[in-house]
>>> print(open('coords-v7.tsv').read())   # TSV, C-alpha atoms
chain	number	residue	atom	x	y	z
U	1	MET	CA	11.53	-44.26	3.29
U	2	ALA	CA	11.41	-40.94	1.55
U	3	THR	CA	8.88	-38.45	2.75
U	4	THR	CA	6.85	-37.18	-0.13
U	5	SER	CA	6.37	-33.58	-0.99
U	6	LYS	CA	2.76	-33.74	0.13
U	7	GLN	CA	3.74	-35.04	3.51
U	8	TYR	CA	6.15	-32.16	3.90
U	9	LYS	CA	3.34	-29.75	3.18
U	10	VAL	CA	1.23	-31.36	5.87
U	11	ILE	CA	4.06	-31.23	8.36
U	12	GLY	CA	4.58	-27.58	7.56
U	13	GLU	CA	0.89	-26.81	8.04
U	14	GLU	CA	0.77	-28.57	11.35
U	15	LEU	CA	3.85	-26.81	12.61
U	16	TRP	CA	2.39	-23.46	11.69
U	17	LYS	CA	-0.92	-24.22	13.32
U	18	GLY	CA	0.74	-25.65	16.37
U	19	ARG	CA	2.68	-22.51	17.07
U	20	ALA	CA	1.35	-20.92	20.22
U	21	GLU	CA	2.78	-17.48	19.62
U	22	LYS	CA	2.37	-15.82	16.30
U	23	THR	CA	3.23	-12.24	15.58
U	24	ASN	CA	1.20	-9.59	13.79
U	25	ALA	CA	2.22	-9.47	10.15
U	26	GLU	CA	2.00	-5.69	9.89
U	27	LEU	CA	4.13	-5.20	12.97
U	28	PHE	CA	6.66	-7.62	11.57
U	29	ALA	CA	6.80	-5.87	8.21
U	30	LEU	CA	7.02	-2.43	9.79
U	31	THR	CA	9.79	-3.53	12.16
U	32	TYR	CA	11.81	-5.04	9.36
U	33	GLY	CA	11.24	-1.99	7.19
U	34	ALA	CA	12.40	0.33	9.94
U	35	LEU	CA	15.46	-1.85	10.38
U	36	VAL	CA	16.41	-1.67	6.71
U	37	VAL	CA	15.86	2.08	6.53
U	38	GLN	CA	17.99	2.60	9.60
U	39	LEU	CA	20.78	0.49	8.14
U	40	ILE	CA	20.63	2.53	4.97
U	41	GLN	CA	20.94	5.73	6.95
U	42	ASP	CA	23.83	4.37	8.97
U	43	TYR	CA	25.89	2.78	6.22
U	44	GLU	CA	24.80	4.87	3.23
U	45	ASP	CA	26.12	2.18	0.88
U	46	TYR	CA	23.62	-0.30	-0.46
U	47	GLU	CA	26.15	-3.08	-0.97
U	48	GLU	CA	27.21	-2.73	2.64
U	49	VAL	CA	23.57	-2.81	3.74
U	50	ASN	CA	23.09	-6.03	1.80
U	51	LYS	CA	26.09	-7.53	3.57
U	52	GLN	CA	24.88	-6.44	6.99
U	53	LEU	CA	21.43	-7.86	6.37
U	54	GLU	CA	23.01	-11.14	5.34
U	55	LYS	CA	25.15	-11.19	8.46
U	56	MET	CA	22.16	-10.55	10.65
U	57	GLY	CA	20.31	-13.29	8.88
U	58	TYR	CA	23.25	-15.63	9.44
U	59	ASN	CA	23.08	-15.07	13.17
U	60	ILE	CA	19.37	-15.67	13.16
U	61	GLY	CA	19.72	-18.80	11.04
U	62	THR	CA	22.25	-20.48	13.31
U	63	ARG	CA	19.78	-20.27	16.17
U	64	LEU	CA	16.65	-20.84	14.17
U	65	ILE	CA	17.72	-24.26	13.00
U	66	GLU	CA	17.67	-25.56	16.57
U	67	ASP	CA	14.10	-24.40	17.02
U	68	PHE	CA	13.14	-25.92	13.72
U	69	LEU	CA	14.70	-29.32	14.35
U	70	ALA	CA	13.28	-29.47	17.84
U	71	ARG	CA	9.74	-28.82	16.70
U	72	SER	CA	9.64	-30.63	13.41
U	73	ASN	CA	11.44	-33.82	14.28
U	74	ILE	CA	12.42	-34.28	10.69
U	75	GLY	CA	15.25	-36.68	10.09
U	76	ARG	CA	18.30	-36.27	7.94
U	77	CYS	CA	17.65	-35.30	4.35
U	78	VAL	CA	18.84	-37.85	1.84
U	79	ASP	CA	20.18	-35.32	-0.61
U	80	PHE	CA	20.34	-31.64	-1.33
U	81	ARG	CA	17.18	-31.84	-3.37
U	82	GLU	CA	15.28	-33.00	-0.34
U	83	THR	CA	16.89	-30.23	1.68
U	84	GLY	CA	15.38	-27.76	-0.76
U	85	GLU	CA	11.96	-29.34	-0.39
U	86	VAL	CA	12.08	-29.29	3.38
U	87	VAL	CA	13.30	-25.71	3.50
U	88	ALA	CA	10.50	-24.53	1.26
U	89	LYS	CA	7.59	-26.59	2.46
U	90	VAL	CA	8.33	-27.02	6.14
U	91	GLY	CA	10.81	-24.30	7.04
U	92	PHE	CA	9.28	-21.28	5.37
U	93	LYS	CA	5.80	-22.49	6.16
U	94	SER	CA	6.34	-22.92	9.83
U	95	PHE	CA	8.06	-19.57	10.36
U	96	LEU	CA	6.60	-17.22	7.79
U	97	ASN	CA	3.46	-19.05	6.71
U	98	ILE	CA	4.43	-18.90	3.07
U	99	THR	CA	5.29	-21.77	0.78
U	100	PRO	CA	7.74	-20.78	-1.91
U	101	SER	CA	7.96	-23.10	-4.88
U	102	VAL	CA	11.21	-24.95	-5.44
U	103	THR	CA	13.04	-25.61	-8.65
U	104	HIS	CA	16.09	-27.81	-8.58
U	105	GLY	CA	19.19	-27.59	-10.64
U	106	GLY	CA	22.85	-28.35	-10.55
U	107	LEU	CA	25.95	-29.05	-12.54
U	108	PRO	CA	25.31	-31.68	-15.18
U	109	ILE	CA	28.02	-34.03	-13.87
U	110	ALA	CA	27.54	-37.79	-14.21
U	111	ALA	CA	24.55	-38.85	-12.19
U	112	SER	CA	25.23	-40.29	-8.75
U	113	PRO	CA	25.48	-44.11	-8.86
U	114	THR	CA	22.74	-46.05	-7.19
U	115	ARG	CA	19.93	-43.59	-7.37
U	116	SER	CA	16.87	-44.78	-9.19
U	117	SER	CA	15.00	-41.50	-9.27
U	118	THR	CA	17.44	-39.50	-11.33
U	119	ALA	CA	15.18	-36.53	-11.69
U	120	SER	CA	17.95	-34.02	-11.12
U	121	PRO	CA	21.58	-34.59	-11.97
U	122	ALA	CA	24.05	-34.98	-9.13
U	123	PRO	CA	21.87	-33.94	-6.20
U	124	THR	CA	24.56	-34.40	-3.61
U	125	ILE	CA	27.53	-33.11	-5.46
U	126	PRO	CA	28.64	-29.59	-4.62
U	127	GLY	CA	27.29	-27.28	-7.23
U	128	ALA	CA	23.77	-28.49	-6.76
U	129	THR	CA	21.28	-25.71	-6.44
U	130	PHE	CA	17.68	-25.09	-5.71
U	131	THR	CA	15.79	-21.90	-6.36
U	132	LEU	CA	12.99	-20.68	-4.15
U	133	THR	CA	10.34	-18.60	-5.83
U	134	LEU	CA	8.42	-16.52	-3.32
U	135	ASP	CA	5.07	-15.36	-4.59
U	136	GLU	CA	4.43	-13.36	-1.48
U	137	ASN	CA	6.93	-11.78	0.84
U	138	PRO	CA	5.67	-10.82	4.31
U	139	LEU	CA	8.79	-8.73	4.90
U	140	ALA	CA	8.03	-6.44	2.01
U	141	GLU	CA	4.41	-5.52	2.55
U	142	PHE	CA	3.75	-1.88	1.66
U	143	VAL	CA	7.33	-1.33	0.57
U	144	GLU	CA	8.24	0.78	-2.44
U	145	LEU	CA	11.90	1.21	-3.10
U	146	PRO	CA	13.06	4.75	-3.87
U	147	GLU	CA	15.18	5.48	-6.93
U	148	GLU	CA	18.50	5.48	-5.10
U	149	ALA	CA	17.85	2.09	-3.59
U	150	LEU	CA	17.00	0.65	-6.99
U	151	GLU	CA	20.18	2.03	-8.53
U	152	GLY	CA	22.31	1.10	-5.56
U	153	GLY	CA	21.37	-2.55	-5.84
U	154	LEU	CA	19.57	-3.06	-2.56
U	155	TRP	CA	18.09	-6.50	-1.93
U	156	PHE	CA	15.43	-5.59	0.57
U	157	SER	CA	14.84	-9.06	2.00
U	158	ASN	CA	18.48	-10.11	2.04
U	159	ILE	CA	18.13	-11.21	5.63
U	160	LEU	CA	16.46	-14.35	4.29
U	161	CYS	CA	19.62	-15.32	2.44
U	162	GLY	CA	21.56	-15.03	5.63
U	163	VAL	CA	19.05	-17.14	7.52
U	164	LEU	CA	19.34	-19.89	4.94
U	165	ARG	CA	23.12	-19.81	5.02
U	166	GLY	CA	23.28	-19.84	8.81
U	167	ALA	CA	20.74	-22.57	9.28
U	168	LEU	CA	22.22	-24.89	6.68
U	169	GLU	CA	25.72	-24.35	8.00
U	170	MET	CA	24.64	-25.67	11.38
U	171	ILE	CA	23.62	-28.90	9.69
U	172	GLN	CA	26.92	-29.34	7.96
U	173	MET	CA	26.19	-27.78	4.62
U	174	GLN	CA	28.05	-24.77	3.41
U	175	VAL	CA	25.88	-22.89	0.95
U	176	THR	CA	25.63	-19.55	-0.71
U	177	ALA	CA	22.21	-17.96	-0.95
U	178	THR	CA	21.58	-14.98	-3.14
U	179	PHE	CA	18.65	-13.10	-4.59
U	180	ILE	CA	18.21	-13.43	-8.32
U	181	SER	CA	15.20	-11.23	-8.76
U	182	ASP	CA	12.84	-9.19	-6.61
U	183	VAL	CA	9.42	-7.76	-7.37
U	184	LEU	CA	10.37	-4.66	-5.38
U	185	ARG	CA	12.99	-4.01	-8.00
U	186	GLY	CA	10.48	-4.36	-10.79
U	187	ASP	CA	11.23	-7.97	-11.71
U	188	GLU	CA	8.52	-10.51	-12.40
U	189	THR	CA	9.24	-12.76	-9.45
U	190	THR	CA	11.16	-12.88	-6.20
U	191	GLU	CA	13.72	-15.66	-6.32
U	192	ILE	CA	16.48	-16.88	-4.04
U	193	LYS	CA	19.08	-19.26	-5.39
U	194	VAL	CA	20.80	-21.55	-2.92
U	195	THR	CA	23.99	-23.27	-4.09
U	196	LEU	CA	25.72	-26.03	-2.21
U	197	VAL	CA	29.40	-25.28	-1.83
U	198	LYS	CA	30.42	-28.35	0.15
U	199	TYR	CA	29.44	-30.64	2.91
U	200	LEU	CA	31.26	-29.78	6.10
U	201	GLU	CA	33.07	-32.46	7.99
U	202	GLU	CA	31.81	-33.21	11.45
U	203	GLU	CA	34.40	-31.60	13.61
U	204	VAL	CA	35.08	-32.94	17.06
U	205	PRO	CA	35.03	-30.04	19.48
U	206	VAL	CA	38.42	-29.28	20.89
U	207	GLY	CA	38.92	-30.87	24.29
U	208	ASP	CA	36.52	-33.73	23.68
U	209	ASP	CA	37.87	-37.22	24.05
E	1	MET	CA	-15.30	19.91	-15.31
E	2	SER	CA	-12.28	19.71	-13.15
E	3	HIS	CA	-11.44	18.77	-9.64
E	4	HIS	CA	-8.46	19.85	-7.63
E	5	LEU	CA	-7.26	17.73	-4.77
E	6	PHE	CA	-4.81	18.86	-2.13
E	7	LEU	CA	-3.40	16.72	0.64
E	8	LEU	CA	-2.17	18.80	3.55
E	9	SER	CA	-0.23	17.76	6.60
E	10	PRO	CA	-1.36	18.82	10.08
E	11	SER	CA	0.97	21.77	9.79
E	12	ASP	CA	-0.66	22.73	6.49
E	13	THR	CA	2.27	21.72	4.31
E	14	PRO	CA	1.02	20.59	0.94
E	15	LEU	CA	2.06	16.99	0.43
E	16	TYR	CA	0.28	16.18	-2.76
E	17	GLU	CA	-1.71	17.91	-5.48
E	18	LEU	CA	-3.82	16.58	-8.26
E	19	THR	CA	-5.89	18.14	-10.97
E	20	HIS	CA	-8.44	15.87	-12.50
E	21	TYR	CA	-10.61	16.58	-15.47
E	22	SER	CA	-13.78	14.62	-15.22
E	23	SER	CA	-15.35	13.17	-18.29
E	24	LYS	CA	-18.64	12.66	-16.56
E	25	PRO	CA	-21.55	14.77	-17.78
E	26	VAL	CA	-22.02	17.87	-15.68
E	27	GLN	CA	-25.43	18.80	-14.41
E	28	THR	CA	-25.36	22.41	-15.45
E	29	THR	CA	-26.66	23.77	-12.18
E	30	THR	CA	-26.20	27.46	-12.27
E	31	SER	CA	-25.36	28.85	-8.90
E	32	PRO	CA	-28.41	30.31	-7.15
E	33	LEU	CA	-26.61	33.62	-7.04
E	34	ALA	CA	-26.39	33.72	-10.81
E	35	SER	CA	-30.08	33.08	-11.29
E	36	ASN	CA	-31.03	36.03	-9.13
E	37	LEU	CA	-28.72	38.54	-10.62
E	38	PRO	CA	-29.02	39.94	-14.11
E	39	SER	CA	-26.70	38.41	-16.61
E	40	TRP	CA	-24.32	41.31	-16.75
E	41	SER	CA	-23.30	40.94	-13.11
E	42	THR	CA	-22.59	37.23	-13.38
E	43	SER	CA	-20.26	38.06	-16.14
E	44	ALA	CA	-18.75	40.55	-13.75
E	45	PHE	CA	-18.01	37.67	-11.38
E	46	ALA	CA	-16.51	35.76	-14.18
E	47	GLY	CA	-14.56	38.86	-14.96
E	48	THR	CA	-13.28	38.98	-11.37
E	49	LEU	CA	-12.18	35.43	-11.62
E	50	THR	CA	-10.32	35.92	-14.82
E	51	ALA	CA	-8.94	39.23	-13.63
E	52	LEU	CA	-7.61	37.48	-10.55
E	53	SER	CA	-6.08	34.79	-12.61
E	54	GLY	CA	-4.62	37.36	-14.94
E	55	ALA	CA	-5.98	35.69	-18.01
E	56	SER	CA	-5.74	37.30	-21.38
E	57	SER	CA	-8.77	39.03	-22.83
E	58	ALA	CA	-9.36	36.19	-25.22
E	59	THR	CA	-9.98	33.83	-22.34
E	60	GLN	CA	-12.13	36.43	-20.68
E	61	ALA	CA	-14.44	36.48	-23.65
E	62	HIS	CA	-14.51	32.71	-23.52
E	63	HIS	CA	-15.54	32.75	-19.88
E	64	ILE	CA	-18.33	35.20	-20.44
E	65	GLN	CA	-19.76	33.08	-23.17
E	66	GLY	CA	-20.03	30.27	-20.68
E	67	GLY	CA	-20.13	26.79	-22.02
E	68	PRO	CA	-17.72	24.13	-20.92
E	69	VAL	CA	-14.98	26.03	-19.21
E	70	ARG	CA	-11.67	24.28	-19.12
E	71	MET	CA	-9.50	25.66	-16.39
E	72	GLY	CA	-6.08	25.97	-17.93
E	73	GLY	CA	-3.52	24.54	-15.60
E	74	GLY	CA	-1.07	27.40	-15.51
E	75	LYS	CA	-3.20	30.48	-15.57
E	76	ASP	CA	-5.79	29.66	-12.96
E	77	ARG	CA	-3.49	27.75	-10.71
E	78	HIS	CA	-3.04	30.54	-8.22
E	79	VAL	CA	-6.77	31.18	-8.02
E	80	ILE	CA	-7.29	27.56	-7.16
E	81	GLN	CA	-4.60	27.66	-4.56
E	82	MET	CA	-5.94	30.88	-3.13
E	83	ILE	CA	-9.35	29.32	-2.76
E	84	ALA	CA	-7.89	26.24	-1.17
E	85	ASN	CA	-5.85	28.23	1.29
E	86	ALA	CA	-8.75	30.47	2.18
E	87	SER	CA	-10.88	27.49	2.95
E	88	LEU	CA	-8.39	26.21	5.51
E	89	ASP	CA	-9.68	28.62	8.13
E	90	VAL	CA	-13.22	27.43	7.61
E	91	ILE	CA	-12.08	23.84	7.73
E	92	GLU	CA	-10.35	24.33	11.05
E	93	GLU	CA	-13.44	25.93	12.49
E	94	VAL	CA	-15.65	23.09	11.40
E	95	MET	CA	-13.05	20.61	12.57
E	96	ARG	CA	-13.35	21.83	16.12
E	97	LYS	CA	-17.07	21.40	16.19
E	98	GLU	CA	-17.69	18.27	14.19
E	99	ASN	CA	-16.32	14.85	14.86
E	100	ALA	CA	-16.97	13.29	11.50
E	101	MET	CA	-14.15	12.74	9.06
E	102	TYR	CA	-15.98	13.81	5.94
E	103	LEU	CA	-16.92	17.46	6.23
E	104	LYS	CA	-19.13	18.08	3.30
E	105	SER	CA	-18.81	21.32	1.50
E	106	VAL	CA	-17.22	23.78	3.85
E	107	ASP	CA	-16.79	26.75	1.59
E	108	LYS	CA	-18.01	28.19	-1.64
E	109	PHE	CA	-16.33	30.62	-3.98
E	110	ASN	CA	-18.20	31.60	-7.14
E	111	GLU	CA	-18.65	28.31	-8.85
E	112	TRP	CA	-16.11	26.40	-6.80
E	113	THR	CA	-17.14	24.36	-3.81
E	114	VAL	CA	-14.59	23.19	-1.32
E	115	SER	CA	-15.08	19.86	0.35
E	116	ALA	CA	-12.82	18.58	3.05
E	117	PHE	CA	-11.96	15.32	4.73
E	118	ILE	CA	-10.00	15.16	7.98
E	119	THR	CA	-8.19	11.94	8.78
E	120	PRO	CA	-7.72	10.70	12.32
E	121	GLY	CA	-4.09	11.72	11.98
E	122	ASN	CA	-5.16	15.31	11.28
E	123	MET	CA	-4.31	15.22	7.60
E	124	LYS	CA	-6.54	17.47	5.55
E	125	PHE	CA	-7.75	16.39	2.16
E	126	VAL	CA	-9.19	19.37	0.34
E	127	LEU	CA	-11.12	19.01	-2.88
E	128	LEU	CA	-12.21	21.90	-5.09
E	129	HIS	CA	-15.02	21.02	-7.41
E	130	GLU	CA	-17.71	22.68	-9.39
E	131	SER	CA	-20.62	20.29	-9.29
E	132	ARG	CA	-22.33	18.53	-6.43
E	133	ASN	CA	-21.36	14.93	-6.00
E	134	ASP	CA	-21.45	14.16	-2.30
E	135	ASP	CA	-21.49	10.39	-2.52
E	136	GLY	CA	-18.86	10.18	-5.18
E	137	ILE	CA	-16.65	12.63	-3.35
E	138	LYS	CA	-17.01	10.82	-0.06
E	139	ALA	CA	-16.13	7.52	-1.70
E	140	PHE	CA	-13.19	9.20	-3.38
E	141	PHE	CA	-11.95	10.65	-0.10
E	142	VAL	CA	-12.16	7.29	1.63
E	143	ASP	CA	-10.26	5.70	-1.22
E	144	VAL	CA	-7.55	8.36	-1.11
E	145	TRP	CA	-7.36	7.86	2.63
E	146	GLU	CA	-6.66	4.15	2.19
E	147	LEU	CA	-4.01	4.87	-0.42
E	148	TYR	CA	-2.48	7.46	1.88
E	149	VAL	CA	-2.32	4.97	4.76
E	150	LYS	CA	-0.58	2.46	2.53
E	151	THR	CA	1.96	5.09	1.55
E	152	MET	CA	2.58	5.92	5.20
E	153	LEU	CA	3.33	2.26	5.86
E	154	ASN	CA	6.14	2.30	3.35
E	155	PRO	CA	9.31	2.37	5.48
E	156	PHE	CA	11.02	4.54	2.91
E	157	HIS	CA	8.47	7.30	3.25
E	158	THR	CA	9.07	9.95	5.89
E	159	ALA	CA	5.94	11.23	7.51
E	160	HIS	CA	4.72	14.67	6.44
E	161	THR	CA	7.00	14.92	3.45
E	162	PRO	CA	5.69	15.41	-0.08
E	163	ILE	CA	4.42	12.20	-1.58
E	164	ARG	CA	6.30	11.51	-4.77
E	165	SER	CA	5.52	7.87	-5.35
E	166	PRO	CA	4.36	7.24	-8.93
E	167	VAL	CA	2.33	4.26	-7.73
E	168	PHE	CA	0.36	6.45	-5.35
E	169	ASP	CA	-0.16	9.01	-8.10
E	170	ALA	CA	-1.42	6.42	-10.57
E	171	ARG	CA	-3.79	4.94	-8.04
E	172	VAL	CA	-5.23	8.29	-6.99
E	173	ARG	CA	-5.85	9.17	-10.63
E	174	ALA	CA	-7.59	5.87	-11.21
E	175	SER	CA	-9.73	6.46	-8.16
E	176	ALA	CA	-10.57	9.95	-9.34
E	177	LYS	CA	-11.65	8.57	-12.66
E	178	LYS	CA	-13.80	6.06	-10.92
E	179	TYR	CA	-15.60	8.31	-8.49
E	180	LEU	CA	-15.52	11.79	-9.90
>>> encode(input="coords-v7.tsv", output="structure tokens")
Amino acid sequence: MATTSKQYKVIGEELWKGRAEKTNAELFALTYGALVVQLIQDYEDYEEVNKQLEKMGYNIGTRLIEDFLARSNIGRCVDFRETGEVVAKVGFKSFLNITPSVTHGGLPIAASPTRSSTASPAPTIPGATFTLTLDENPLAEFVELPEEALEGGLWFSNILCGVLRGALEMIQMQVTATFISDVLRGDETTEIKVTLVKYLEEEVPVGDD
Amino acid sequence: MSHHLFLLSPSDTPLYELTHYSSKPVQTTTSPLASNLPSWSTSAFAGTLTALSGASSATQAHHIQGGPVRMGGGKDRHVIQMIANASLDVIEEVMRKENAMYLKSVDKFNEWTVSAFITPGNMKFVLLHESRNDDGIKAFFVDVWELYVKTMLNPFHTAHTPIRSPVFDARVRASAKKYL
């Protein structure tokens, strides 16, 4: 039976409250800020910094998913749409205490067969997307991007994209996550678009019988 | 009536400057010195001021007449800065003795009073003003302090470098309008 969006919210809340160790938000923001500034000084190329942040996020994501699944006990998502809901309402809530809003989208291919709630076209077919709109970003408290960073195309919170990619890859979904807009850059909203590339086949580890 | 704000690092490097023209009505309190002396000598003071600032004779006449004096940005700039710099010694003296952050008016030069505010991180906020406005100035200093702390928290800002952020500038101006 499908878990409703409201139930996800409740699960997310409980997970957040149940966490024994929380970290100070200012310390977190300052640490991340220092990290980004250091990367900029080391690489001096904003595109490269974006890539490095994404890579770091990927490494975090592959480990984070274990923690998440262990604590939340959420079962398999029926489709990519549900994945988006869980990521936003339970995932982000339990780790960052924010609930981004989700908008779904995807290629307008013929709707999948036996689904009665055809709210979004082809939710499981590669090409499906969901967009997370963050109205607050704990990583970017107090941050003002200097001119060079704006021109160089820095996505300050790009680590989040990596986390999403890494985490979803561990549960057999290959996705690409990118920033579409960022308030730090002067846009209206901060949005991350996650696109499903393909479902990964369960691979039997080499040596297993 | 204008105010001049200077933010100075612990090593006395100027990090930020602002000139604010207040639209609030000025209580025309003549300095006690002026009331005692005959009118010709007060004009002599005014003359000193304008002579220091190297103003043209036209402005000099304007000063002597009194009335709302608008300090032109360029001409009197170095007088203002001289006053601010001179007050630093006094500020440091007072700093040693007092523990409070808001040191009221530490120095006086003709019609200019210098008020100072020392942050826990040893940043000096110096304000040159003509009229008395202790409460407003204190509130203004506290506000600027909060804005300064927020700027320091920006990872892209290096400590003790000039503050160039337009956001900070806009907010300080708004605060000046509000309190001064």
>>> interface_residues(input="coords-v7.tsv", of="chain E", to="chain U", cutoff="8 Å", atoms="all atoms listed in the file", output="PyMOL selection string")
chain E and resi 150-151+153-156
>>> residues_around(input="coords-v7.tsv", residues="Lys138 (chain E)", least_positions_apart="3", cutoff="12 Å", atoms="all atoms listed in the file", output="list in words")
Ala100, Met101, Tyr102, Leu103, Lys104, Ser105, Ser115, Ala116, Phe117, Ile118, Phe125, Val126, Leu127, Arg132, Asn133, Asp134, Asp135, Phe141, Val142, Asp143, Val144, Trp145, Ser175, Ala176, Tyr179 and Leu180 of chain E
>>> atom_distance(input="coords-v7.tsv", atom1="CA of Val197 (chain U)", atom2="CA of Met173 (chain U)")
7.6 Å
>>> closest_residue(input="coords-v7.tsv", among="U:Arg185, U:Glu14, U:Leu64, U:Tyr199", to="Glu148 (chain U)", atoms="all atoms listed in the file")
U:Arg185
>>> atom_distance(input="coords-v7.tsv", atom1="CA of Thr83 (chain U)", atom2="CA of Lys51 (chain U)")
24.6 Å
>>> atom_distance(input="coords-v7.tsv", atom1="CA of His20 (chain E)", atom2="CA of Met152 (chain E)")
23.1 Å
>>> residues_near_point(input="coords-v7.tsv", point="(18.1, -23.6, 3.9)", cutoff="8 Å", atoms="only C-alpha atoms", output="VMD selection string")
chain U and resid 83 to 84 87 91 163 to 165 167 to 168 194
>>> residues_around(input="coords-v7.tsv", residues="Trp16 (chain U)", least_positions_apart="6", cutoff="8 Å", atoms="all atoms listed in the file", output="PyMOL selection string")
chain U and resi 93-95+97
>>> residues_around(input="coords-v7.tsv", residues="Lys124 (chain E)", least_positions_apart="3", cutoff="10 Å", atoms="all atoms listed in the file", output="count of residues only")
20
